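For reference, final15.txt is printed below; it contains compact mmCIF, C-alpha atoms and all ligand atoms.
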# COMPACT_ATOMS: atom_id res chain seq x y z
CA PRO A 948 -76.73 -36.56 -42.37
CA ARG A 949 -77.79 -36.27 -45.96
CA LYS A 950 -81.24 -37.40 -47.01
CA LYS A 951 -81.42 -40.88 -48.39
CA ARG A 952 -81.73 -40.95 -52.19
CA LEU A 953 -84.18 -42.85 -54.34
CA ILE A 954 -84.12 -43.99 -57.95
CA ILE A 955 -87.57 -44.97 -59.18
CA ASP A 956 -87.76 -47.34 -62.13
CA THR A 957 -91.27 -47.23 -63.55
CA ASP A 958 -93.74 -48.17 -66.29
CA ALA A 959 -96.13 -45.40 -65.20
CA GLY A 960 -99.19 -46.45 -64.80
CA VAL A 961 -101.71 -44.90 -62.39
CA ASP A 962 -100.40 -46.58 -59.24
CA ASP A 963 -96.86 -45.74 -60.40
CA ALA A 964 -97.93 -42.10 -60.69
CA ILE A 965 -99.24 -42.06 -57.10
CA ALA A 966 -95.96 -43.67 -56.03
CA ILE A 967 -93.88 -41.08 -57.92
CA CYS A 968 -95.82 -38.20 -56.38
CA LEU A 969 -95.33 -39.75 -52.95
CA ALA A 970 -91.57 -39.94 -53.50
CA LEU A 971 -91.15 -36.53 -55.15
CA ARG A 972 -93.06 -34.78 -52.39
CA SER A 973 -91.77 -36.73 -49.40
CA SER A 974 -89.54 -34.68 -47.13
CA GLU A 975 -87.65 -37.83 -46.12
CA VAL A 976 -85.97 -38.66 -49.44
CA GLU A 977 -84.43 -37.03 -52.46
CA VAL A 978 -85.39 -38.56 -55.81
CA CYS A 979 -82.26 -38.43 -57.97
CA ALA A 980 -83.67 -40.22 -61.03
CA ILE A 981 -86.82 -41.66 -62.50
CA THR A 982 -85.92 -44.33 -65.03
CA THR A 983 -88.59 -45.52 -67.43
CA SER A 984 -89.53 -48.74 -69.19
CA PHE A 985 -92.33 -50.30 -71.23
CA GLY A 986 -94.97 -52.18 -69.23
CA ASN A 987 -98.39 -50.81 -68.40
CA THR A 988 -98.22 -48.82 -71.63
CA SER A 989 -95.66 -47.93 -74.32
CA LEU A 990 -92.31 -46.40 -73.35
CA GLN A 991 -93.33 -43.21 -75.12
CA ASN A 992 -96.49 -42.93 -72.99
CA VAL A 993 -94.52 -43.78 -69.84
CA VAL A 994 -92.10 -40.89 -70.45
CA LYS A 995 -95.07 -38.55 -70.98
CA ASN A 996 -96.77 -39.84 -67.84
CA VAL A 997 -93.67 -39.41 -65.68
CA SER A 998 -93.35 -35.86 -67.04
CA GLN A 999 -96.95 -35.19 -65.96
CA CYS A 1000 -96.06 -36.37 -62.44
CA ALA A 1001 -92.98 -34.16 -62.25
CA PHE A 1002 -94.94 -31.20 -63.62
CA HIS A 1003 -97.71 -31.59 -61.07
CA CYS A 1004 -95.40 -32.15 -58.11
CA GLY A 1005 -93.42 -28.95 -58.37
CA PRO A 1006 -94.10 -25.25 -58.68
CA PRO A 1007 -96.13 -24.39 -61.79
CA THR A 1008 -93.54 -22.82 -64.08
CA PRO A 1009 -89.80 -23.34 -63.58
CA PRO A 1010 -88.39 -26.47 -65.23
CA PRO A 1011 -86.04 -28.61 -63.14
CA ALA A 1012 -82.41 -27.45 -62.94
CA THR A 1013 -80.96 -30.86 -63.81
CA PRO A 1014 -82.52 -33.75 -65.75
CA LEU A 1015 -84.56 -36.17 -63.67
CA VAL A 1016 -86.04 -38.60 -66.18
CA TYR A 1017 -84.14 -41.27 -68.13
CA VAL A 1018 -85.49 -43.21 -71.11
CA GLY A 1019 -84.99 -46.95 -70.69
CA ALA A 1020 -86.19 -50.23 -72.18
CA ALA A 1021 -88.86 -50.13 -74.89
CA GLN A 1022 -89.28 -53.90 -74.72
CA GLY A 1023 -88.19 -56.91 -72.70
CA LEU A 1024 -84.89 -58.78 -73.03
CA SER A 1025 -86.45 -61.21 -75.48
CA GLY A 1026 -88.45 -58.56 -77.29
CA GLU A 1027 -91.55 -58.84 -75.10
CA GLU A 1028 -94.17 -56.15 -75.19
CA ALA A 1029 -96.76 -55.62 -72.51
CA ASP A 1030 -99.98 -53.72 -72.07
CA ALA A 1031 -102.27 -53.07 -69.13
CA SER A 1032 -104.61 -50.57 -70.77
CA TYR A 1033 -107.56 -52.62 -69.49
CA PHE A 1034 -106.71 -51.16 -66.10
CA HIS A 1035 -104.57 -48.04 -66.59
CA GLY A 1036 -106.36 -46.72 -69.69
CA LYS A 1037 -105.07 -46.28 -73.26
CA ASP A 1038 -102.59 -43.58 -72.27
CA GLY A 1039 -101.57 -45.46 -69.12
CA LEU A 1040 -102.74 -42.61 -66.94
CA GLY A 1041 -106.47 -43.18 -66.68
CA ASP A 1042 -107.40 -41.43 -69.96
CA ALA A 1043 -108.06 -38.27 -67.98
CA GLY A 1044 -107.61 -35.93 -70.96
CA LEU A 1045 -104.81 -33.98 -69.29
CA PRO A 1046 -103.29 -31.15 -71.32
CA ALA A 1047 -99.74 -31.89 -72.52
CA VAL A 1048 -96.88 -30.74 -70.30
CA PRO A 1049 -95.26 -27.58 -71.75
CA ALA A 1050 -92.34 -28.42 -74.07
CA SER A 1051 -90.04 -26.05 -72.19
CA PHE A 1052 -90.53 -28.10 -69.00
CA ILE A 1053 -89.90 -31.43 -70.70
CA GLU A 1054 -86.75 -30.25 -72.46
CA ASN A 1055 -84.82 -29.87 -69.23
CA LEU A 1056 -86.47 -32.80 -67.52
CA ILE A 1057 -85.34 -35.62 -69.78
CA SER A 1058 -81.75 -36.81 -69.95
CA SER A 1059 -80.09 -38.38 -72.98
CA GLU A 1060 -77.90 -40.62 -70.80
CA GLU A 1061 -78.67 -44.35 -71.02
CA VAL A 1062 -80.37 -45.84 -67.98
CA PRO A 1063 -77.75 -48.44 -66.95
CA ASN A 1064 -74.96 -45.85 -67.21
CA ALA A 1065 -76.99 -43.34 -65.23
CA ILE A 1066 -77.67 -45.85 -62.45
CA LEU A 1067 -73.99 -46.76 -62.21
CA ARG A 1068 -73.02 -43.09 -62.12
CA LEU A 1069 -75.61 -42.19 -59.48
CA ALA A 1070 -74.54 -45.13 -57.32
CA GLU A 1071 -70.94 -43.95 -57.54
CA GLU A 1072 -71.92 -40.37 -56.66
CA SER A 1073 -73.84 -41.60 -53.61
CA LYS A 1074 -70.85 -43.69 -52.56
CA GLN A 1075 -68.61 -40.60 -52.75
CA ASP A 1076 -71.14 -38.59 -50.70
CA ASN A 1077 -71.65 -41.37 -48.17
CA THR A 1078 -75.37 -41.43 -48.91
CA GLN A 1079 -77.75 -44.36 -48.89
CA LEU A 1080 -79.36 -45.05 -52.29
CA THR A 1081 -82.51 -47.13 -52.69
CA ILE A 1082 -83.65 -48.27 -56.13
CA VAL A 1083 -87.38 -49.04 -56.24
CA THR A 1084 -88.61 -50.89 -59.31
CA LEU A 1085 -92.30 -50.51 -60.17
CA GLY A 1086 -92.36 -52.17 -63.58
CA PRO A 1087 -90.68 -54.97 -65.56
CA LEU A 1088 -87.10 -55.56 -64.38
CA THR A 1089 -85.49 -54.99 -67.79
CA ASN A 1090 -83.54 -51.84 -66.84
CA LEU A 1091 -82.16 -53.48 -63.69
CA ALA A 1092 -81.14 -56.59 -65.60
CA ASN A 1093 -79.28 -54.30 -68.01
CA VAL A 1094 -77.46 -52.71 -65.06
CA LEU A 1095 -76.30 -56.18 -63.95
CA THR A 1096 -75.14 -56.99 -67.48
CA LEU A 1097 -73.08 -53.81 -67.55
CA ASP A 1098 -71.68 -54.46 -64.06
CA PRO A 1099 -72.27 -57.98 -62.68
CA THR A 1100 -70.71 -56.93 -59.35
CA PHE A 1101 -73.00 -53.91 -58.99
CA ALA A 1102 -74.90 -55.21 -55.93
CA SER A 1103 -71.96 -56.72 -54.06
CA SER A 1104 -69.68 -53.74 -54.65
CA ASN A 1105 -72.23 -51.13 -53.60
CA SER A 1106 -73.24 -51.90 -50.02
CA HIS A 1107 -74.85 -48.44 -49.77
CA VAL A 1108 -77.37 -49.43 -52.49
CA ASP A 1109 -80.46 -51.49 -51.81
CA LEU A 1110 -83.23 -52.62 -54.09
CA VAL A 1111 -86.98 -52.81 -53.50
CA VAL A 1112 -88.88 -54.70 -56.19
CA MET A 1113 -92.64 -54.43 -56.57
CA GLY A 1114 -93.39 -57.73 -58.23
CA GLY A 1115 -94.05 -61.41 -57.95
CA CYS A 1116 -96.53 -63.39 -55.94
CA GLY A 1117 -95.55 -65.93 -53.32
CA ASN A 1118 -98.81 -67.82 -53.25
CA ALA A 1119 -99.14 -68.61 -56.97
CA HIS A 1120 -102.18 -66.33 -57.13
CA GLY A 1121 -101.31 -63.96 -59.96
CA ASN A 1122 -102.82 -61.03 -61.79
CA ALA A 1123 -101.20 -61.32 -65.25
CA SER A 1124 -101.87 -65.03 -65.42
CA ARG A 1125 -103.27 -67.51 -62.92
CA VAL A 1126 -99.86 -67.82 -61.28
CA ALA A 1127 -97.80 -64.82 -62.39
CA GLU A 1128 -97.67 -61.18 -61.34
CA PHE A 1129 -97.59 -58.52 -64.08
CA ASN A 1130 -94.12 -56.96 -63.58
CA VAL A 1131 -92.39 -60.34 -63.48
CA PHE A 1132 -94.53 -61.79 -66.27
CA SER A 1133 -93.74 -58.84 -68.58
CA ASP A 1134 -90.04 -59.78 -68.73
CA VAL A 1135 -89.37 -63.16 -67.13
CA GLU A 1136 -85.73 -63.28 -68.23
CA ALA A 1137 -85.02 -59.93 -66.61
CA ALA A 1138 -86.77 -60.88 -63.37
CA SER A 1139 -84.89 -64.16 -63.28
CA ALA A 1140 -81.58 -62.35 -63.87
CA VAL A 1141 -82.20 -59.85 -61.07
CA PHE A 1142 -83.30 -62.45 -58.51
CA SER A 1143 -80.40 -64.75 -59.31
CA GLN A 1144 -77.68 -62.13 -59.84
CA TRP A 1145 -78.37 -59.53 -57.16
CA ASP A 1146 -75.75 -61.18 -54.95
CA SER A 1147 -76.31 -59.09 -51.86
CA PRO A 1148 -78.79 -59.39 -48.96
CA THR A 1149 -80.26 -56.02 -49.89
CA LEU A 1150 -83.09 -57.15 -52.14
CA THR A 1151 -86.61 -56.67 -50.80
CA VAL A 1152 -89.76 -57.84 -52.59
CA VAL A 1153 -93.13 -56.16 -52.14
CA PRO A 1154 -95.35 -58.82 -53.70
CA TRP A 1155 -98.84 -58.76 -55.15
CA GLU A 1156 -100.46 -60.82 -52.38
CA LEU A 1157 -99.29 -58.32 -49.75
CA ASN A 1158 -101.22 -55.63 -51.59
CA ILE A 1159 -104.36 -57.72 -51.58
CA LEU A 1160 -103.88 -58.36 -47.86
CA ARG A 1161 -103.17 -54.73 -46.98
CA PRO A 1162 -104.93 -52.31 -49.34
CA LEU A 1163 -105.19 -48.64 -48.41
CA PRO A 1164 -108.65 -48.35 -46.77
CA TRP A 1165 -111.06 -46.36 -48.95
CA GLU A 1166 -111.58 -43.73 -46.24
CA SER A 1167 -107.82 -43.12 -46.15
CA PHE A 1168 -107.64 -43.13 -49.96
CA LYS A 1169 -110.28 -40.42 -50.13
CA ARG A 1170 -108.57 -38.40 -47.42
CA VAL A 1171 -104.95 -38.48 -48.57
CA ILE A 1172 -105.00 -39.13 -52.31
CA THR A 1173 -108.11 -37.69 -53.88
CA SER A 1174 -108.56 -35.11 -51.17
CA THR A 1175 -110.92 -32.28 -51.97
CA GLN A 1176 -110.51 -30.72 -48.53
CA GLN A 1177 -106.99 -29.57 -49.17
CA SER A 1178 -106.85 -29.41 -52.91
CA SER A 1179 -103.44 -28.79 -54.51
CA ARG A 1180 -101.88 -29.16 -57.96
CA THR A 1181 -100.83 -32.67 -56.98
CA SER A 1182 -104.10 -33.82 -55.47
CA ASP A 1183 -106.08 -32.36 -58.40
CA PHE A 1184 -103.83 -34.32 -60.77
CA LEU A 1185 -104.18 -37.55 -58.77
CA THR A 1186 -107.94 -37.11 -58.46
CA LYS A 1187 -108.23 -36.83 -62.26
CA ILE A 1188 -106.08 -39.85 -63.10
CA CYS A 1189 -107.74 -42.05 -60.46
CA ALA A 1190 -111.34 -41.16 -61.42
CA LYS A 1191 -112.00 -44.09 -63.76
CA ILE A 1192 -109.61 -46.51 -62.07
CA TYR A 1193 -109.96 -46.38 -58.31
CA ILE A 1194 -113.62 -46.46 -57.49
CA PRO A 1195 -114.26 -46.86 -53.77
CA GLY A 1196 -115.96 -50.16 -53.03
CA ASP A 1197 -115.46 -51.51 -56.54
CA ALA A 1198 -113.93 -54.99 -56.59
CA LYS A 1199 -114.30 -55.87 -60.25
CA ASP A 1200 -110.87 -56.92 -61.36
CA GLY A 1201 -107.39 -57.90 -60.23
CA HIS A 1202 -106.26 -54.50 -59.02
CA LYS A 1203 -109.58 -53.80 -57.35
CA ARG A 1204 -109.82 -57.26 -55.87
CA SER A 1205 -110.19 -55.96 -52.38
CA SER A 1206 -113.44 -54.09 -51.75
CA GLU A 1207 -111.95 -52.88 -48.48
CA GLY A 1208 -109.46 -50.51 -50.01
CA ALA A 1209 -107.36 -49.34 -52.92
CA VAL A 1210 -104.65 -51.71 -54.14
CA ILE A 1211 -101.89 -49.22 -55.02
CA CYS A 1212 -98.98 -51.66 -55.28
CA ASP A 1213 -96.36 -49.19 -56.43
CA ALA A 1214 -97.09 -46.62 -53.72
CA LEU A 1215 -96.70 -49.31 -51.08
CA ALA A 1216 -93.34 -50.28 -52.60
CA VAL A 1217 -92.16 -46.65 -52.52
CA ALA A 1218 -93.34 -46.36 -48.90
CA VAL A 1219 -91.17 -49.40 -48.10
CA GLY A 1220 -88.30 -47.74 -50.00
CA ILE A 1221 -88.71 -44.51 -48.00
CA ASP A 1222 -88.99 -46.11 -44.57
CA PHE A 1223 -88.39 -49.86 -44.46
CA GLY A 1224 -88.18 -49.96 -40.64
CA GLY A 1225 -91.40 -48.04 -40.14
CA VAL A 1226 -93.55 -49.62 -42.84
CA VAL A 1227 -92.46 -53.28 -42.87
CA LYS A 1228 -93.93 -55.21 -39.95
CA GLU A 1229 -92.81 -58.65 -41.09
CA PHE A 1230 -90.73 -60.23 -43.84
CA ARG A 1231 -89.39 -63.69 -44.57
CA GLU A 1232 -86.03 -64.44 -46.09
CA THR A 1233 -86.58 -66.92 -48.83
CA ASN A 1234 -85.23 -68.28 -52.08
CA VAL A 1235 -87.14 -67.20 -55.15
CA GLU A 1236 -86.71 -68.42 -58.71
CA VAL A 1237 -88.65 -67.35 -61.77
CA ASP A 1238 -90.10 -69.90 -64.17
CA VAL A 1239 -88.88 -68.61 -67.54
CA ARG A 1240 -90.26 -71.51 -69.59
CA GLU A 1241 -93.16 -71.06 -72.00
CA GLY A 1242 -96.30 -72.65 -70.64
CA MET A 1243 -98.95 -72.11 -68.06
CA THR A 1244 -96.54 -71.42 -65.18
CA LYS A 1245 -94.44 -68.87 -67.10
CA GLY A 1246 -93.49 -65.97 -64.80
CA MET A 1247 -94.34 -67.83 -61.62
CA THR A 1248 -92.13 -66.73 -58.71
CA VAL A 1249 -91.37 -70.06 -57.06
CA CYS A 1250 -90.55 -69.44 -53.38
CA ASP A 1251 -89.06 -71.89 -50.93
CA TRP A 1252 -91.19 -71.55 -47.81
CA GLY A 1253 -89.50 -74.58 -46.25
CA CYS A 1254 -90.30 -77.63 -48.30
CA TYR A 1255 -88.98 -81.12 -47.62
CA ASP A 1256 -87.12 -81.80 -50.88
CA GLY A 1257 -83.76 -81.80 -49.09
CA VAL A 1258 -82.31 -79.01 -51.23
CA GLU A 1259 -80.55 -76.13 -49.43
CA ARG A 1260 -81.29 -73.01 -51.41
CA PRO A 1261 -79.62 -69.65 -50.71
CA LYS A 1262 -81.98 -67.05 -49.34
CA ASN A 1263 -81.82 -64.37 -52.01
CA VAL A 1264 -84.66 -62.00 -51.04
CA LYS A 1265 -86.54 -60.43 -48.15
CA TRP A 1266 -90.17 -61.17 -48.98
CA VAL A 1267 -92.47 -58.68 -47.24
CA THR A 1268 -95.41 -60.45 -45.61
CA ASP A 1269 -96.96 -57.64 -43.55
CA VAL A 1270 -96.91 -53.86 -43.36
CA ASP A 1271 -98.12 -51.13 -41.04
CA VAL A 1272 -100.93 -49.54 -43.05
CA LYS A 1273 -101.14 -46.58 -40.69
CA LYS A 1274 -97.47 -45.74 -41.32
CA TYR A 1275 -98.06 -46.09 -45.10
CA GLU A 1276 -100.98 -43.69 -44.81
CA ASP A 1277 -98.89 -41.26 -42.70
CA LEU A 1278 -96.21 -41.14 -45.40
CA LEU A 1279 -98.85 -40.43 -48.05
CA GLU A 1280 -100.40 -37.77 -45.85
CA GLU A 1281 -97.10 -36.05 -45.12
CA ALA A 1282 -96.18 -35.99 -48.80
CA LEU A 1283 -99.50 -35.26 -50.43
CA LEU A 1284 -101.47 -33.16 -47.96
CA GLU A 1285 -98.85 -30.76 -46.68
CA ASP A 1286 -98.78 -28.08 -49.28
CA ASN A 1287 -96.07 -25.87 -47.90
CA ARG A 1288 -93.47 -27.26 -50.34
CA LEU A 1289 -95.31 -25.93 -53.39
C1 LIG A 1301 -98.01 -54.07 -60.98
O1 LIG A 1301 -98.49 -54.14 -62.32
C2 LIG A 1301 -98.77 -52.85 -62.79
O2 LIG A 1301 -99.95 -52.80 -63.53
C3 LIG A 1301 -98.82 -51.96 -61.61
O3 LIG A 1301 -98.39 -50.67 -61.97
C4 LIG A 1301 -97.92 -52.61 -60.61
O4 LIG A 1301 -96.58 -52.19 -60.78
C5 LIG A 1301 -98.89 -54.90 -60.11
O5 LIG A 1301 -98.86 -56.24 -60.51
CA CA A 1302 -96.04 -50.30 -62.26
Would you give me this structure, written as structure tokens?
Amino acid sequence: PRKKRLIIDTDAGVDDAIAICLALRSSEVEVCAITTSFGNTSLQNVVKNVSQCAFHCGPPTPPPATPLVYVGAAQGLSGEEADASYFHGKDGLGDAGLPAVPASFIENLISSEEVPNAILRLAEESKQDNTQLTIVTLGPLTNLANVLTLDPTFASSNSHVDLVVMGGCGNAHGNASRVAEFNVFSDVEAASAVFSQWDSPTLTVVPWELNILRPLPWESFKRVITSTQQSSRTSDFLTKICAKIYIPGDAKDGHKRSSEGAVICDALAVAVGIDFGGVVKEFRETNVEVDVREGMTKGMTVCDWGCYDGVERPKNVKWVTDVDVKKYEDLLEEALLEDNRL
């Protein structure tokens, strides 16, 4: 059978970059598109950062044969802007002073096709080829909401497509506000549209609290991500962009809240996208709604864990509550440490 395909929607971001490298170098999946949006940094920076990932994940010179990167939403549905430079650095990639990617490489890498059209086309191509397609969103849900505007039946008419969303928090313990997670908070209307309109049981959420519960242990982080033992173009790149961000033992802010390991939300979401059965140990089917109102609970993902208000709510997501960290580490190891594909 053909390899399963992945579309990664990203606001790259350091943890997005680790996630993209994991996907691009995994032997288990084929990445058919990386779609970009505003979020951790500006759209322009995100496109540059994704290009850096692609450049450092392949052989040094030849540009890709077909475009891989698509330029999506520069702002949220209601004109929101976002910024997480306090964590990801001014350039969104750890301010590592990387040289620019050669223009000749970027030229062939970036498509002029609009993101929603590209996603519809790629879903159709996968349907024709009888191939499973997983979309993993690692940033605000604006691009996905635009897909559902273009084709409201997208989810129900494409049973070969599933969606993994990194976002939300099910315990009202947020990182963008007291109760809201960053990706949902950055475009609440889009998140609300996706959760309410993805009318298929194929939507999985990898939430913030799961990442706090199951960080990648620092020993593993040092072995498989910033490895100096088996240095490669990819690990040198990841080591540079992580240097100021992921400091073993540091538990200063939201992303580093666990001193036991590195909270690399987007890489965990991609690991779930690559191998749901292997990585996910436990999930709960629940109803989730997004609070879109202005005020202190804006962006809160309100889950129904079985309350007694007598209202039957449809279960619209699989909320991941536990993962196998060893399997997550194995996927990272297979992708990032085995250098025979470069
Ligand atoms: C999410 O917010 C971003 O800063 C990260 O890249 C991740 O996607 C975690 O809340
Ligand atoms: Ca992200």
Exercise. Can I get the residues close to ligand LIG 1301 (chain A) as a PyMOL selection string, where close means within 8 Å and we count all atoms listed in the file?
Worked result: chain A and resi 957-963+986-987+1031+1034-1035+1085-1086+1113-1115+1122-1123+1128-1130+1155+1202+1211-1213
Give me a file of those residues, with C-alpha atoms, as an mmCIF file, in the coordinates of the input.
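File part-v8.cif, as written:
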data_model
loop_
_atom_site.group_PDB
_atom_site.id
_atom_site.type_symbol
_atom_site.label_atom_id
_atom_site.label_comp_id
_atom_site.auth_asym_id
_atom_site.auth_seq_id
_atom_site.Cartn_x
_atom_site.Cartn_y
_atom_site.Cartn_z
ATOM 1 C CA THR A 957 -91.270 -47.230 -63.550
ATOM 2 C CA ASP A 958 -93.740 -48.170 -66.290
ATOM 3 C CA ALA A 959 -96.130 -45.400 -65.200
ATOM 4 C CA GLY A 960 -99.190 -46.450 -64.800
ATOM 5 C CA VAL A 961 -101.710 -44.900 -62.390
ATOM 6 C CA ASP A 962 -100.400 -46.580 -59.240
ATOM 7 C CA ASP A 963 -96.860 -45.740 -60.400
ATOM 8 C CA GLY A 986 -94.970 -52.180 -69.230
ATOM 9 C CA ASN A 987 -98.390 -50.810 -68.400
ATOM 10 C CA ALA A 1031 -102.270 -53.070 -69.130
ATOM 11 C CA PHE A 1034 -106.710 -51.160 -66.100
ATOM 12 C CA HIS A 1035 -104.570 -48.040 -66.590
ATOM 13 C CA LEU A 1085 -92.300 -50.510 -60.170
ATOM 14 C CA GLY A 1086 -92.360 -52.170 -63.580
ATOM 15 C CA MET A 1113 -92.640 -54.430 -56.570
ATOM 16 C CA GLY A 1114 -93.390 -57.730 -58.230
ATOM 17 C CA GLY A 1115 -94.050 -61.410 -57.950
ATOM 18 C CA ASN A 1122 -102.820 -61.030 -61.790
ATOM 19 C CA ALA A 1123 -101.200 -61.320 -65.250
ATOM 20 C CA GLU A 1128 -97.670 -61.180 -61.340
ATOM 21 C CA PHE A 1129 -97.590 -58.520 -64.080
ATOM 22 C CA ASN A 1130 -94.120 -56.960 -63.580
ATOM 23 C CA TRP A 1155 -98.840 -58.760 -55.150
ATOM 24 C CA HIS A 1202 -106.260 -54.500 -59.020
ATOM 25 C CA ILE A 1211 -101.890 -49.220 -55.020
ATOM 26 C CA CYS A 1212 -98.980 -51.660 -55.280
ATOM 27 C CA ASP A 1213 -96.360 -49.190 -56.430
#
Exercise. Residues at most 8 Å from segment 1247-1250 of chain A, counting only C-alpha atoms, excluding those fewer than 4 positions away in the same chain, as a PyMOL selection string?
Worked result: chain A and resi 1115-1117+1119+1126-1128+1131-1132+1233-1238
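Atom CA of Pro1099 of chain A to atom CA of Ser1058 of chain A spans 24.3 Å [interatomic distance, one decimal].
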Exercise. In terms of the shortest atom-to-atom distance over only C-alpha atoms, which of A:Phe1052, A:Phe1223, A:Phe985, A:Tyr1033 is closest to Leu1015 of chain A?
Worked result: A:Phe1052
For this session: Write out as a ChimeraX atom specification the residues lying within 12 Å of Gly1253 of chain A, counting all atoms listed in the file and excluding same-chain residues fewer than 5 positions away.
Result: /A:1231-1235,1258-1262
Problem set entry | Distance of atom CA of Leu1056 of chain A from atom CA of Val1094 of chain A, expressed in Å to one decimal place | 22.0 Å
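Pairwise distance (atom CA of Ser1051 of chain A, atom CA of Tyr1017 of chain A) equals 16.8 Å.
Across A:Arg972, A:His1003, A:Lys1245, A:Arg949, the tightest approach to Ile1188 of chain A is made by A:His1003 when counting only C-alpha atoms.
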Exercise. Nearest to ligand CA 1302 (chain A) among A:Ala1065, A:Ala1102, A:Ile965, A:Ala1021, with distances taken over all atoms listed in the file: which residue is it?
Worked result: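 Going through A:Ala1065, A:Ala1102, A:Ile965, A:Ala1021 one by one, the smallest distance to ligand CA 1302 (chain A) is for A:Ile965.
When only C-alpha atoms and all ligand atoms are used to compute distances to ligand CA 1302 (chain A), the closest of the residues A:Val1083, A:Ala980, A:Leu1279, A:Ala1047 turns out to be A:Val1083.
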Problem set entry | Nearest to ligand CA 1302 (chain A), chosen from A:Cys1000, A:Leu1080, A:Ala1216, A:Leu1024, with only C-alpha atoms and all ligand atoms counted in the distances |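 Looking only at the distances to ligand CA 1302 (chain A), the closest residue turns out to be A:Ala1216.
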Exercise. Which residue gives the smallest distance to Val1227 of chain A among A:Asp1030, A:Glu1241, A:Glu1207, A:Asp1271, with all atoms listed in the file counted?
Worked result: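 Closest to Val1227 of chain A of all the choices is A:Asp1271.
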Problem set entry | Polymer residues at most 9 Å from Arg1125 of chain A, all atoms listed in the file, same-chain spacing of 5 or more positions, as a PyMOL selection string | chain A and resi 1119-1120+1243-1244
Any chance you could export the current selection's C-alpha atoms as a PDB file, keeping the file's coordinate frame?
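After the write, part39.pdb holds the following:
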ATOM      1  CA  ALA A1119     -99.140 -68.610 -56.970  1.00  0.00           C
ATOM      2  CA  HIS A1120    -102.180 -66.330 -57.130  1.00  0.00           C
ATOM      3  CA  MET A1243     -98.950 -72.110 -68.060  1.00  0.00           C
ATOM      4  CA  THR A1244     -96.540 -71.420 -65.180  1.00  0.00           C
TER       5      THR A1244
END
Return as a tab-separated table the residues of segment 983-1045 of chain A lying at most 9 Å from segment 1134-1144 of chain A, together with the closest atom-to-atom pair for each and the distance in Å to one decimal, counting only C-alpha atoms, with rows in chain order and ascending residue number.
residue	atom	partner	partner_atom	distance
A:Gln1022	CA	A:Asp1134	CA	8.4
A:Gly1023	CA	A:Asp1134	CA	5.2
A:Leu1024	CA	A:Ala1137	CA	6.5
A:Ser1025	CA	A:Glu1136	CA	7.6
A:Gly1026	CA	A:Asp1134	CA	8.8
A:Glu1027	CA	A:Asp1134	CA	6.6
A:Glu1028	CA	A:Asp1134	CA	8.5
A:Ala1029	CA	A:Asp1134	CA	8.8
